Structures are given as structure tokens and as C-alpha cells.
Amino acid sequence: MPLKFTLREMTQADSQALANLFVNSPDTGEIRFAYHYHIDIYQAFRLAFPDTIGVVAEVPGFDGIVGSAVIHFGQCHFEAQLRPFAMLSLLRVHPDYRRQGVAASLARWRVDYIQLRLGEEGIIMANIQKGNTGSQKTCRKWCNQYIDRLVIIPAKMLPKPPSPISYLSVRLAKPSELEEIGEKLNQFYQAYNLYEPQTGEHLGQWLEETPFDTPFRHYIIVTNKANDILAGLAVVENYRIRSLNVCHIPFFMDMFNKVVNLIPANGILHELLIEKMWYAPGQLKAAQYLWDSIRWDWREPANLVNICIDFKSPLVDIFQLRPWMIKYEGSIAISGSVAISTERLICPII
């Protein structure tokens, strides 16, 4: 008998039911995580993107919700034009109710909502982890293009500080420097698709927003002796928002992890997320010094730092990747009236 369920728009009253769903419903990618939120989950969704809409699925007689999905709205560069986008995110279905049409209905609800709101000018996107066959199958019903270049680079914190470089200093950006940082970000990403343009005012508001008594986002820069800003990145203390419980990793990664100890024995990750990273021409060494400094400075509260990039981006050079290193690969499913160029670099929206 077909499963009977109903869909409705998500509200803040769903927070506890959503938290239970995310704990009990790891994703189905190559590496499987269950999310444990430390703050109101509905608030957490809106922290990531203030313009967020969600949908939930309910089954008669089930105490809670059996599925949920989220849409984040914003504007980004797309083929040299600023266009509205909708990012499909955080689709979850309880394991007992999978393969019964819930995920497909949640996806269809979101696409219908987006088309009514954005029309033909809107870009619909979803990030898909490699091996997540369920999400890939669902996305085929609405997307018309894939970009298979996403890589999430997880790195351990450092047990000792990086060797000092006499002419470089790492510090928190001052409010008066945010306008310059916004300009440098816009310059670095000017040829990228999916980049969300920045201003000093927007950066300041984003950094100030916090559910805690103290900021959980910080913009860190590296300067030379003349106080020129050579590189920068945003640090997001995601471990204060949620922890990630690793439920499954592929066998070869598990074997390698026994050597490198990237994932702790208890499988609980306290994640530091890196965003809005850039460096000036010729300043790769400064960017690498900044990256290593972050991994030392946040070594106590965090046990992992993550960044998601296009593996063709020059940012890759910062991390000195090797074929045997643990990394998560993925793709972006895209639907739009204009085809996305495979030649342009991508700035992932996460």
C-alpha cells in the first residue's frame, strides 16, 4: 500500500522534531554523517542563509516528522550576470520511510515553490556528495546540468604552531578593513560562477550575526610589514552550532584514517568551516601560512577544519593535496535558462 503522507511549510515549532530527524537520519553519501545541533535547528538554518524556506513531511500516527528539506535564496554571479539563485539543501528522510516517494515529493515541492518565486531567471542548485545515489536520482528530475568539480578538504588541527615568517603577521581584520577585503574578494572571484559579491557593510553584518554572546564568525588576514593585506579567510565556528557524527566511511578511507587519525575514535567531529578565502597574486606562501595559523589557533575547540572548493581553483595550491589524502568529492546539480560554462571556475555555495 502506498505511504500516505502530507507536506507543509516548515515552522520554528518543528525545531525539536527536526533535530530528532537529523540525529536519526544520516545522509546517504560515500561518507555518512548524522548532524547533532546544539542550538535551535530552525535558527541554525536561518543563520546560514537568512532567506530560507523549508518543507516537512508528516505521516499519520508518527510522532514527529519523517522528512524535511530546505531552500536557501540569494544572488550570485552566473555567466557574468548577477542572478537570483535557490540552493536546495539538507534533504532528510527517516530511514524507515525511504524509497516510498517522500524524497521525490519534497524535491518537487521545492522546485514548484522556486519556480513560482523566481520564474525563469532563477537558478536552482544542489550540492551532491559522491556516492549519494538517492540525491542524484532525485536531482535528475529537475536539473539540466552537472558540474563534477567540488572537493571538500578536511584537515587536522596542528599539534604545534607553524614556523614563524618574519615579514608576515596573522590577525583579526578590523572593521575599517572590511571594505578593502570585500573589494579583494570581488576581484579574486570576478571570473567565477556562483560567487556571491561582497561589500564591507555586508561582511560586517555577517560577522556580527551570532546566536551566542560572542561572535562565531571571524575574518582573519595575513599582512606584511607595510600592513598590506596579502590573503584572508572567514572562520566559522560550526562546532558551536552542531557536531557531525561519522556513521560510515569507505573501507579504504577507514584504513587510511587509522594512520592519519583525521576522524577521532568516537567519530564526533567538531568542525571549523573556512569560507571567503582569497590571496593576492604571488602570495601563495602567505595564504599557506594563514591556513596553518588557523589550524593551530583553533586546535582546542575544533578537531577538524573543512573548506569546499572547485578543484581547478588556484586555492587548491594552498592545501598541497596528495592522491592518498582523505577528501570528499561532489558535484553541483544546476537548472537554469542559461547553460553554465564548464570553463569558468566555481565558487561553491555552502
# chains A, B, ... in the order shown; residues from 1 in each chain; ligands from 1
call {"tool": "closest_atom_pairs", "arguments": {"of": "range 246-272 of chain A", "to": "range 328-339 of chain A", "cutoff": "12 Å", "atoms": "only C-alpha atoms", "output": "CSV"}}
result
residue,atom,partner,partner_atom,distance
A:Ile249,CA,A:Tyr328,CA,10.5
A:Pro250,CA,A:Tyr328,CA,11.1
A:Met253,CA,A:Tyr328,CA,10.5
call {"tool": "residues_around", "arguments": {"residues": "Leu3 in chain A", "least_positions_apart": "4", "cutoff": "10 Å", "atoms": "only C-alpha atoms", "output": "list in words"}}
result
Val59, Pro60, Tyr97, Gln100, Gly101 and Val102 of chain A
call {"tool": "select_by_dssp", "arguments": {"residues": "range 127-323 of chain A", "states": "strand (DSSP E)", "output": "number ranges by chain"}}
result
A: 127-129, 145-155, 169-172, 217-223, 229-236, 242-248, 268-269, 271-279, 304-310
call {"tool": "closest_residue", "arguments": {"among": "A:Leu88, A:Val151, A:Leu118, A:Val305", "to": "Leu321 in chain A", "atoms": "only C-alpha atoms"}}
result
A:Val151
call {"tool": "closest_residue", "arguments": {"among": "A:Thr342, A:Tyr189, A:Cys139, A:Ala48", "to": "Leu207 in chain A", "atoms": "only C-alpha atoms"}}
result
A:Ala48
call {"tool": "residues_around", "arguments": {"residues": "range 73-78 of chain A", "least_positions_apart": "5", "cutoff": "6 Å", "atoms": "only C-alpha atoms", "output": "list in words"}}
result
Asp51, Arg83, Pro84, Phe85, Ala86, Asn193, Leu194, Tyr195 and Glu196 of chain A
